[in-house]
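This report concerns only the one structure given below.
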2 protein chains.
Amino acid sequence: MSFDDRLKADAALVQARLDQALAGLADVPVIHAMRYAVQGGKRLRAFLVLESARMLGVEEARALPVAAAVEALHAYSLVHDDLPAMDDDDLRRGQPTVHVKWDEATAILAGDALQTLAFGLLVDAEVGPAEVQVALVKALAGASGAKGMVLGQALDIAAESADTPLTLEEITALQAGKTGALIGFSATAGALLAGADPKPLADYAAAIGLAFQIADDILDVTGDAATAGKRVGKDEEAGKATFVSLLGLEDARARAAELVAAAEVALEPYGSRAENLIAAARFTIARHS
Amino acid sequence: MSFDDRLKADAALVQARLDQALAGLADVPVIHAMRYAVQGGKRLRAFLVLESARMLGVEEARALPVAAAVEALHAYSLVHDDLPAMDDDDLRRGQPTVHVKWDEATAILAGDALQTLAFGLLVDAEVGPAEVQVALVKALAGASGAKGMVLGQALDIAAESADTPLTLEEITALQAGKTGALIGFSATAGALLAGADPKPLADYAAAIGLAFQIADDILDVTGDAATAGKRVGKDEEAGKATFVSLLGLEDARARAAELVAAAEVALEPYGSRAENLIAAARFTIARHS
């Protein structure tokens, strides 16, 4: 199966699991908005959960609620990020954002409940032993809270009102939180499920997380909105420091490629079993959206 | 020790645990706002966790992270509820709300990270066996998400744009979610920690949760802002159906008193060991804020 086909197959699996988790709830706008917010997207985080689990021999049924959890968590962060008080985006995955389609209150609550859903999914009985569920809750809380994703967003906001643009070191720290931490959770989830050493997967994730963000900055300069499914050119417009503004386009591309190579090295212990994760690493810098 | 003194002592314990959980984080406004948002309040939910645990012989150290978790979860819900797109409140616990003191983006992110913190606290090693931690995560996710607290808030928003005011049945369902679910989690946490039957505590919590909300509606009519620490009279101003508008002040008081009596009956199996929880039931309708 090609990487694209596998990505699509995993996306379908995780969508079905999310649909199941969101079935039978009340008929109110907040619930409709939750269902809307978990549609579409590349599902890279779910792919990392499912493929890291497969690589380590974990049954798919155990990994699926975890993959759904990380996508619910990611969806919550996008819904809140898009709010007028935050990035004020009206387009996401090629569709109107939740607060545009409904309203701000609905977007705030839908995001809140998606975060709750994520933690609820991690303690699904299918995930396996209680010790594993606890390890996953601990890891997701660490990756997404005030030491992880939210910290990254907080640093991002602080940067907007700062007098001087961020340095390369600062922007690297910011992105390690904002996107890196959740990618790290996703890739190491397979090891937590298998009870295996998470170190190689953590190293892999650190490299692709940063590569992913550099590629995002490159897309913001070189992409078009129709392909990206979201507004582009907004970093430059806002005068924000990015990997492209700090390194230049060519050096940013070279750095991203180096990181993908480092990700491949990190997975050498797994030999050919790592091929899907290596394809994902290459995808992070080859994508167009 | 009097009920007031015990409430204060438990509040101090849980504040120390929250301070510990929020120590050593980054020096950014979102983190400052998180610390600010977990200050003050009656700490009734933490009291219910700690006292239900004590009643069932659970060590305080095991219950404390759970008490801190429920207060962090409650604080997140208040920060988001107070936002301009939601209830648009500028006063909370006698202090400016988070979005007034900082800004909306900071309030959204601080609330988000407080929810994450709540789930992170439930998997603190001190809580005990992994099975207990998993049961607590499951219970908190159920109480606070799209079947619990957020559903109650969603129903509340839907009611505002409805053509006809809510019926008594509808407002009871709304409040069962909005405040009842988290009170239910708090009171049954002791049973989950002890591995005991949660049924008597769940019955107790259902009764005091509703009594608490009826008392809130009464306070909105009879209270003053200085004592309540928040704006009063706003339900009537907004033309919202409340237990007072539906039942009248006297019948609302009588219903709340019946519920407190029912809460006492639910705890009969525990005899005199339930005295602190019974005092809390009486407090829900005797308080002035």
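To be explicit about the labels: the chains of the structure tokens are called A, B, and onward in the order shown, and within each one the residues are counted from 1, while ligands get numbers from 1 in the order they are shown.
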Within 8 Å of Leu246 in chain A using only C-alpha atoms, minus same-chain residues under 4 positions, as a ChimeraX atom specification
/A:167-168,241-242
Write the residues you've just listed into a file as a PDB file, in the first residue's frame, and include C-alpha atoms for each of them.
ATOM      1  CA  THR A 167      15.313  34.405  17.725  1.00  0.00           C
ATOM      2  CA  LEU A 168      15.776  30.999  16.108  1.00  0.00           C
ATOM      3  CA  ALA A 241       9.358  35.773  12.802  1.00  0.00           C
ATOM      4  CA  THR A 242       9.234  32.350  11.130  1.00  0.00           C
TER       5      THR A 242
END
Chain A contacts to chain B at 8 Å (only C-alpha atoms) as a ChimeraX atom specification
/A:25-26,28-31,80,85-86,104-106,108-109,112-117,119-120,123,130-131,133-134,137-138,141-142,144-147,150-151,153-155,158
Cα-based least-squares overlay of chain A on chain B, as a JSON list (two decimals) with C-alpha atoms, in the first residue's frame:
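Everything below was put into out33.json:
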[["chain", "number", "residue", "atom", "x", "y", "z"],
["A", 1, "MET", "CA", -14.29, 21.68, 64.33],
["A", 2, "SER", "CA", -17.23, 23.74, 63.02],
["A", 3, "PHE", "CA", -18.35, 23.30, 59.43],
["A", 4, "ASP", "CA", -17.01, 26.74, 58.51],
["A", 5, "ASP", "CA", -13.61, 25.95, 60.00],
["A", 6, "ARG", "CA", -13.48, 22.59, 58.26],
["A", 7, "LEU", "CA", -14.46, 24.16, 54.93],
["A", 8, "LYS", "CA", -11.65, 26.70, 55.38],
["A", 9, "ALA", "CA", -9.13, 24.05, 56.41],
["A", 10, "ASP", "CA", -9.95, 21.92, 53.36],
["A", 11, "ALA", "CA", -9.82, 25.01, 51.12],
["A", 12, "ALA", "CA", -6.30, 25.75, 52.41],
["A", 13, "LEU", "CA", -5.21, 22.18, 51.75],
["A", 14, "VAL", "CA", -6.48, 22.20, 48.19],
["A", 15, "GLN", "CA", -5.03, 25.64, 47.51],
["A", 16, "ALA", "CA", -1.59, 24.41, 48.58],
["A", 17, "ARG", "CA", -1.94, 21.40, 46.26],
["A", 18, "LEU", "CA", -2.98, 23.64, 43.36],
["A", 19, "ASP", "CA", -0.07, 26.02, 44.09],
["A", 20, "GLN", "CA", 2.26, 23.03, 43.98],
["A", 21, "ALA", "CA", 0.80, 21.85, 40.66],
["A", 22, "LEU", "CA", 1.24, 25.33, 39.18],
["A", 23, "ALA", "CA", 4.76, 25.93, 40.51],
["A", 24, "GLY", "CA", 7.81, 26.08, 38.28],
["A", 25, "LEU", "CA", 5.92, 26.85, 35.09],
["A", 26, "ALA", "CA", 6.89, 29.45, 32.47],
["A", 27, "ASP", "CA", 6.69, 33.15, 33.30],
["A", 28, "VAL", "CA", 3.95, 34.05, 30.81],
["A", 29, "PRO", "CA", 0.51, 35.66, 31.28],
["A", 30, "VAL", "CA", -1.38, 32.41, 30.64],
["A", 31, "ILE", "CA", 0.33, 30.76, 33.62],
["A", 32, "HIS", "CA", -0.25, 33.81, 35.84],
["A", 33, "ALA", "CA", -3.90, 33.72, 34.79],
["A", 34, "MET", "CA", -4.14, 30.04, 35.71],
["A", 35, "ARG", "CA", -2.82, 30.78, 39.21],
["A", 36, "TYR", "CA", -5.23, 33.70, 39.54],
["A", 37, "ALA", "CA", -8.20, 31.63, 38.41],
["A", 38, "VAL", "CA", -7.70, 28.94, 41.06],
["A", 39, "GLN", "CA", -7.71, 31.43, 43.95],
["A", 40, "GLY", "CA", -10.67, 31.86, 46.27],
["A", 41, "GLY", "CA", -14.13, 30.41, 46.09],
["A", 42, "LYS", "CA", -15.91, 28.25, 48.61],
["A", 43, "ARG", "CA", -14.15, 25.07, 47.47],
["A", 44, "LEU", "CA", -17.32, 23.08, 48.01],
["A", 45, "ARG", "CA", -16.30, 20.53, 45.36],
["A", 46, "ALA", "CA", -12.91, 19.96, 46.98],
["A", 47, "PHE", "CA", -14.65, 19.63, 50.35],
["A", 48, "LEU", "CA", -16.94, 16.94, 48.94],
["A", 49, "VAL", "CA", -13.97, 14.99, 47.59],
["A", 50, "LEU", "CA", -11.97, 15.24, 50.81],
["A", 51, "GLU", "CA", -14.88, 14.54, 53.16],
["A", 52, "SER", "CA", -16.33, 11.66, 51.15],
["A", 53, "ALA", "CA", -12.84, 10.15, 51.12],
["A", 54, "ARG", "CA", -12.37, 10.65, 54.89],
["A", 55, "MET", "CA", -15.77, 9.19, 55.62],
["A", 56, "LEU", "CA", -14.70, 6.01, 53.81],
["A", 57, "GLY", "CA", -11.27, 5.82, 55.46],
["A", 58, "VAL", "CA", -9.18, 6.99, 52.48],
["A", 59, "GLU", "CA", -5.90, 8.73, 53.36],
["A", 60, "GLU", "CA", -5.97, 12.47, 52.74],
["A", 61, "ALA", "CA", -2.85, 12.36, 50.54],
["A", 62, "ARG", "CA", -4.69, 10.13, 48.05],
["A", 63, "ALA", "CA", -7.74, 12.41, 47.89],
["A", 64, "LEU", "CA", -5.90, 15.72, 47.67],
["A", 65, "PRO", "CA", -4.87, 15.57, 43.99],
["A", 66, "VAL", "CA", -8.47, 14.63, 43.16],
["A", 67, "ALA", "CA", -9.79, 17.60, 45.14],
["A", 68, "ALA", "CA", -7.30, 19.86, 43.33],
["A", 69, "ALA", "CA", -8.39, 18.34, 40.00],
["A", 70, "VAL", "CA", -12.06, 19.11, 40.49],
["A", 71, "GLU", "CA", -11.28, 22.68, 41.54],
["A", 72, "ALA", "CA", -9.04, 23.14, 38.47],
["A", 73, "LEU", "CA", -11.85, 21.79, 36.29],
["A", 74, "HIS", "CA", -14.38, 24.07, 37.97],
["A", 75, "ALA", "CA", -12.04, 27.07, 37.60],
["A", 76, "TYR", "CA", -11.65, 26.37, 33.86],
["A", 77, "SER", "CA", -15.42, 26.32, 33.45],
["A", 78, "LEU", "CA", -15.79, 29.65, 35.28],
["A", 79, "VAL", "CA", -13.05, 31.35, 33.22],
["A", 80, "HIS", "CA", -14.68, 30.25, 29.97],
["A", 81, "ASP", "CA", -18.23, 30.95, 31.23],
["A", 82, "ASP", "CA", -17.28, 34.52, 32.07],
["A", 83, "LEU", "CA", -16.00, 35.28, 28.54],
["A", 84, "PRO", "CA", -17.79, 38.01, 26.54],
["A", 85, "ALA", "CA", -19.12, 35.43, 24.06],
["A", 86, "MET", "CA", -20.60, 33.44, 26.95],
["A", 87, "ASP", "CA", -22.03, 35.11, 30.11],
["A", 88, "ASP", "CA", -19.90, 38.25, 29.72],
["A", 89, "ASP", "CA", -19.17, 38.68, 33.42],
["A", 90, "ASP", "CA", -16.56, 41.12, 34.70],
["A", 91, "LEU", "CA", -16.66, 40.12, 38.36],
["A", 92, "ARG", "CA", -15.99, 36.71, 39.88],
["A", 93, "ARG", "CA", -15.34, 35.91, 43.54],
["A", 94, "GLY", "CA", -15.22, 39.67, 44.05],
["A", 95, "GLN", "CA", -12.33, 40.14, 41.61],
["A", 96, "PRO", "CA", -12.06, 41.11, 37.93],
["A", 97, "THR", "CA", -12.57, 38.08, 35.68],
["A", 98, "VAL", "CA", -9.55, 36.70, 33.80],
["A", 99, "HIS", "CA", -10.40, 38.23, 30.41],
["A", 100, "VAL", "CA", -10.88, 41.63, 32.11],
["A", 101, "LYS", "CA", -7.59, 41.43, 34.01],
["A", 102, "TRP", "CA", -5.68, 40.06, 30.98],
["A", 103, "ASP", "CA", -7.48, 39.53, 27.69],
["A", 104, "GLU", "CA", -9.73, 37.02, 25.96],
["A", 105, "ALA", "CA", -6.95, 34.97, 24.37],
["A", 106, "THR", "CA", -5.27, 34.55, 27.76],
["A", 107, "ALA", "CA", -8.59, 33.55, 29.33],
["A", 108, "ILE", "CA", -9.31, 30.96, 26.63],
["A", 109, "LEU", "CA", -5.84, 29.40, 26.94],
["A", 110, "ALA", "CA", -5.75, 29.54, 30.75],
["A", 111, "GLY", "CA", -9.10, 27.75, 30.87],
["A", 112, "ASP", "CA", -7.90, 25.17, 28.37],
["A", 113, "ALA", "CA", -4.75, 24.44, 30.37],
["A", 114, "LEU", "CA", -6.70, 24.24, 33.64],
["A", 115, "GLN", "CA", -8.85, 21.51, 32.14],
["A", 116, "THR", "CA", -5.68, 19.65, 31.09],
["A", 117, "LEU", "CA", -4.24, 20.14, 34.57],
["A", 118, "ALA", "CA", -7.34, 18.56, 36.09],
["A", 119, "PHE", "CA", -6.87, 15.33, 34.15],
["A", 120, "GLY", "CA", -3.13, 15.40, 34.85],
["A", 121, "LEU", "CA", -3.79, 15.61, 38.60],
["A", 122, "LEU", "CA", -6.02, 12.54, 38.54],
["A", 123, "VAL", "CA", -3.09, 10.41, 37.38],
["A", 124, "ASP", "CA", -0.78, 11.67, 40.13],
["A", 125, "ALA", "CA", 0.95, 8.64, 41.65],
["A", 126, "GLU", "CA", -0.36, 9.59, 45.12],
["A", 127, "VAL", "CA", -3.94, 8.85, 44.04],
["A", 128, "GLY", "CA", -3.27, 5.12, 44.26],
["A", 129, "PRO", "CA", -3.78, 2.07, 42.06],
["A", 130, "ALA", "CA", -3.95, 2.60, 38.28],
["A", 131, "GLU", "CA", -7.48, 1.11, 38.22],
["A", 132, "VAL", "CA", -8.64, 3.85, 40.60],
["A", 133, "GLN", "CA", -6.98, 6.56, 38.55],
["A", 134, "VAL", "CA", -8.67, 5.25, 35.41],
["A", 135, "ALA", "CA", -12.06, 5.18, 37.15],
["A", 136, "LEU", "CA", -11.57, 8.80, 38.22],
["A", 137, "VAL", "CA", -10.54, 9.95, 34.72],
["A", 138, "LYS", "CA", -13.56, 8.19, 33.26],
["A", 139, "ALA", "CA", -15.88, 9.74, 35.85],
["A", 140, "LEU", "CA", -14.50, 13.26, 35.40],
["A", 141, "ALA", "CA", -14.65, 13.02, 31.61],
["A", 142, "GLY", "CA", -18.26, 11.85, 31.87],
["A", 143, "ALA", "CA", -19.22, 14.59, 34.31],
["A", 144, "SER", "CA", -17.56, 17.49, 32.53],
["A", 145, "GLY", "CA", -17.95, 16.79, 28.80],
["A", 146, "ALA", "CA", -20.69, 16.64, 26.21],
["A", 147, "LYS", "CA", -22.91, 14.45, 28.43],
["A", 148, "GLY", "CA", -22.34, 16.55, 31.56],
["A", 149, "MET", "CA", -21.25, 20.08, 32.34],
["A", 150, "VAL", "CA", -20.71, 21.27, 28.76],
["A", 151, "LEU", "CA", -24.08, 19.82, 27.76],
["A", 152, "GLY", "CA", -25.66, 21.84, 30.57],
["A", 153, "GLN", "CA", -23.98, 24.98, 29.29],
["A", 154, "ALA", "CA", -25.04, 24.18, 25.72],
["A", 155, "LEU", "CA", -28.66, 23.77, 26.86],
["A", 156, "ASP", "CA", -28.35, 27.07, 28.72],
["A", 157, "ILE", "CA", -27.20, 28.85, 25.56],
["A", 158, "ALA", "CA", -29.93, 27.19, 23.48],
["A", 159, "ALA", "CA", -32.51, 28.37, 26.04],
["A", 160, "GLU", "CA", -31.47, 32.00, 25.57],
["A", 161, "SER", "CA", -32.51, 32.00, 21.92],
["A", 162, "ALA", "CA", -35.60, 29.81, 22.42],
["A", 163, "ASP", "CA", -39.06, 31.30, 21.85],
["A", 164, "THR", "CA", -40.55, 29.94, 25.06],
["A", 165, "PRO", "CA", -39.00, 29.89, 28.55],
["A", 166, "LEU", "CA", -37.80, 26.52, 29.89],
["A", 167, "THR", "CA", -40.14, 24.25, 31.81],
["A", 168, "LEU", "CA", -39.27, 23.00, 35.29],
["A", 169, "GLU", "CA", -38.29, 19.64, 33.79],
["A", 170, "GLU", "CA", -36.00, 21.29, 31.23],
["A", 171, "ILE", "CA", -34.31, 23.56, 33.73],
["A", 172, "THR", "CA", -33.77, 20.60, 36.06],
["A", 173, "ALA", "CA", -32.04, 18.68, 33.23],
["A", 174, "LEU", "CA", -29.98, 21.74, 32.34],
["A", 175, "GLN", "CA", -28.77, 22.19, 35.90],
["A", 176, "ALA", "CA", -28.11, 18.49, 36.38],
["A", 177, "GLY", "CA", -25.47, 18.96, 33.68],
["A", 178, "LYS", "CA", -24.27, 22.46, 34.36],
["A", 179, "THR", "CA", -23.57, 22.13, 38.10],
["A", 180, "GLY", "CA", -24.93, 18.74, 39.16],
["A", 181, "ALA", "CA", -22.54, 16.54, 37.21],
["A", 182, "LEU", "CA", -19.36, 17.98, 38.75],
["A", 183, "ILE", "CA", -20.88, 17.93, 42.24],
["A", 184, "GLY", "CA", -21.76, 14.30, 41.56],
["A", 185, "PHE", "CA", -18.18, 13.55, 40.57],
["A", 186, "SER", "CA", -16.88, 15.28, 43.71],
["A", 187, "ALA", "CA", -19.09, 13.45, 46.16],
["A", 188, "THR", "CA", -18.59, 10.03, 44.59],
["A", 189, "ALA", "CA", -14.81, 10.45, 44.28],
["A", 190, "GLY", "CA", -14.39, 9.19, 47.85],
["A", 191, "ALA", "CA", -16.18, 5.96, 46.92],
["A", 192, "LEU", "CA", -14.03, 5.52, 43.80],
["A", 193, "LEU", "CA", -10.90, 6.08, 45.88],
["A", 194, "ALA", "CA", -12.07, 3.59, 48.51],
["A", 195, "GLY", "CA", -13.36, 1.03, 46.01],
["A", 196, "ALA", "CA", -16.77, 1.34, 47.70],
["A", 197, "ASP", "CA", -20.32, 1.47, 46.28],
["A", 198, "PRO", "CA", -20.85, 5.04, 45.00],
["A", 199, "LYS", "CA", -24.68, 4.82, 45.03],
["A", 200, "PRO", "CA", -25.45, 6.53, 48.39],
["A", 201, "LEU", "CA", -23.02, 9.34, 47.60],
["A", 202, "ALA", "CA", -24.45, 9.70, 44.08],
["A", 203, "ASP", "CA", -27.97, 10.06, 45.52],
["A", 204, "TYR", "CA", -26.71, 12.58, 48.06],
["A", 205, "ALA", "CA", -24.94, 14.54, 45.32],
["A", 206, "ALA", "CA", -27.96, 14.59, 43.01],
["A", 207, "ALA", "CA", -30.01, 16.14, 45.81],
["A", 208, "ILE", "CA", -27.48, 18.74, 46.93],
["A", 209, "GLY", "CA", -26.53, 19.63, 43.35],
["A", 210, "LEU", "CA", -30.09, 20.63, 42.61],
["A", 211, "ALA", "CA", -30.48, 22.33, 46.01],
["A", 212, "PHE", "CA", -27.30, 24.27, 45.31],
["A", 213, "GLN", "CA", -28.67, 25.58, 42.02],
["A", 214, "ILE", "CA", -32.05, 26.49, 43.48],
["A", 215, "ALA", "CA", -30.18, 28.40, 46.20],
["A", 216, "ASP", "CA", -28.15, 30.15, 43.47],
["A", 217, "ASP", "CA", -31.35, 31.28, 41.78],
["A", 218, "ILE", "CA", -32.70, 32.50, 45.12],
["A", 219, "LEU", "CA", -29.45, 34.43, 45.76],
["A", 220, "ASP", "CA", -29.71, 36.03, 42.34],
["A", 221, "VAL", "CA", -33.03, 37.54, 43.49],
["A", 222, "THR", "CA", -32.35, 38.20, 47.17],
["A", 223, "GLY", "CA", -28.56, 38.68, 47.30],
["A", 224, "ASP", "CA", -26.38, 41.71, 46.82],
["A", 225, "ALA", "CA", -23.25, 41.84, 44.65],
["A", 226, "ALA", "CA", -20.91, 42.75, 47.52],
["A", 227, "THR", "CA", -21.77, 39.59, 49.48],
["A", 228, "ALA", "CA", -22.18, 37.32, 46.46],
["A", 229, "GLY", "CA", -18.90, 38.47, 44.89],
["A", 230, "LYS", "CA", -20.55, 38.53, 41.48],
["A", 231, "ARG", "CA", -23.26, 40.38, 39.60],
["A", 232, "VAL", "CA", -26.80, 39.57, 40.83],
["A", 233, "GLY", "CA", -30.25, 40.13, 39.37],
["A", 234, "LYS", "CA", -29.00, 39.18, 35.93],
["A", 235, "ASP", "CA", -31.34, 36.22, 35.41],
["A", 236, "GLU", "CA", -34.43, 38.38, 35.81],
["A", 237, "GLU", "CA", -32.83, 41.10, 33.70],
["A", 238, "ALA", "CA", -32.23, 38.55, 30.92],
["A", 239, "GLY", "CA", -35.78, 37.19, 31.23],
["A", 240, "LYS", "CA", -34.37, 33.72, 31.98],
["A", 241, "ALA", "CA", -36.49, 31.00, 33.49],
["A", 242, "THR", "CA", -35.12, 30.04, 36.91],
["A", 243, "PHE", "CA", -36.35, 27.87, 39.77],
["A", 244, "VAL", "CA", -37.58, 31.09, 41.39],
["A", 245, "SER", "CA", -39.44, 32.34, 38.30],
["A", 246, "LEU", "CA", -41.03, 28.91, 37.82],
["A", 247, "LEU", "CA", -41.82, 27.99, 41.45],
["A", 248, "GLY", "CA", -41.96, 31.35, 43.20],
["A", 249, "LEU", "CA", -39.59, 32.28, 46.03],
["A", 250, "GLU", "CA", -41.35, 30.40, 48.82],
["A", 251, "ASP", "CA", -41.84, 27.14, 46.94],
["A", 252, "ALA", "CA", -38.26, 27.32, 45.67],
["A", 253, "ARG", "CA", -37.06, 27.57, 49.29],
["A", 254, "ALA", "CA", -39.29, 24.67, 50.31],
["A", 255, "ARG", "CA", -38.05, 22.50, 47.43],
["A", 256, "ALA", "CA", -34.43, 23.20, 48.35],
["A", 257, "ALA", "CA", -35.11, 22.23, 51.96],
["A", 258, "GLU", "CA", -36.76, 18.97, 50.83],
["A", 259, "LEU", "CA", -33.71, 18.15, 48.76],
["A", 260, "VAL", "CA", -31.39, 18.71, 51.70],
["A", 261, "ALA", "CA", -33.54, 16.35, 53.75],
["A", 262, "ALA", "CA", -33.32, 13.77, 50.94],
["A", 263, "ALA", "CA", -29.53, 14.17, 50.90],
["A", 264, "GLU", "CA", -29.44, 13.38, 54.62],
["A", 265, "VAL", "CA", -31.53, 10.25, 54.12],
["A", 266, "ALA", "CA", -29.18, 9.07, 51.38],
["A", 267, "LEU", "CA", -26.26, 9.12, 53.83],
["A", 268, "GLU", "CA", -28.04, 7.21, 56.63],
["A", 269, "PRO", "CA", -25.96, 4.05, 55.94],
["A", 270, "TYR", "CA", -22.88, 5.92, 57.18],
["A", 271, "GLY", "CA", -24.39, 7.13, 60.47],
["A", 272, "SER", "CA", -22.43, 9.79, 62.31],
["A", 273, "ARG", "CA", -19.45, 9.43, 59.95],
["A", 274, "ALA", "CA", -21.50, 11.45, 57.45],
["A", 275, "GLU", "CA", -21.81, 14.53, 59.66],
["A", 276, "ASN", "CA", -19.47, 16.72, 57.59],
["A", 277, "LEU", "CA", -21.24, 15.86, 54.38],
["A", 278, "ILE", "CA", -24.60, 16.52, 56.02],
["A", 279, "ALA", "CA", -23.32, 19.91, 57.19],
["A", 280, "ALA", "CA", -22.30, 20.59, 53.56],
["A", 281, "ALA", "CA", -25.82, 19.75, 52.39],
["A", 282, "ARG", "CA", -27.29, 22.25, 54.86],
["A", 283, "PHE", "CA", -24.69, 24.81, 53.80],
["A", 284, "THR", "CA", -25.75, 24.66, 50.15],
["A", 285, "ILE", "CA", -29.02, 26.39, 51.00],
["A", 286, "ALA", "CA", -27.86, 28.53, 53.94],
["A", 287, "ARG", "CA", -24.96, 30.29, 52.17],
["A", 288, "HIS", "CA", -24.94, 33.92, 51.14],
["A", 289, "SER", "CA", -22.56, 33.65, 48.17]]
Would you give me, as a PyMOL selection string, the residues in range 190-269 of chain A that DSSP reads as alpha helix (DSSP H)?
chain A and resi 190-194+199-222+225-228+234-237+243-247+249-266
Which of range 24-238 of chain A counts as strand (DSSP E) under DSSP, as a PDB file with C-alpha atoms, in the first residue's frame please?
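Written output follows (part_8.pdb):
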ATOM      1  CA  LEU A  91     -11.173  29.108   6.948  1.00  0.00           C
ATOM      2  CA  ARG A  92      -9.909  25.735   8.148  1.00  0.00           C
ATOM      3  CA  GLN A  95     -14.351  25.035   5.318  1.00  0.00           C
ATOM      4  CA  PRO A  96     -15.705  27.878   7.480  1.00  0.00           C
TER       5      PRO A  96
END
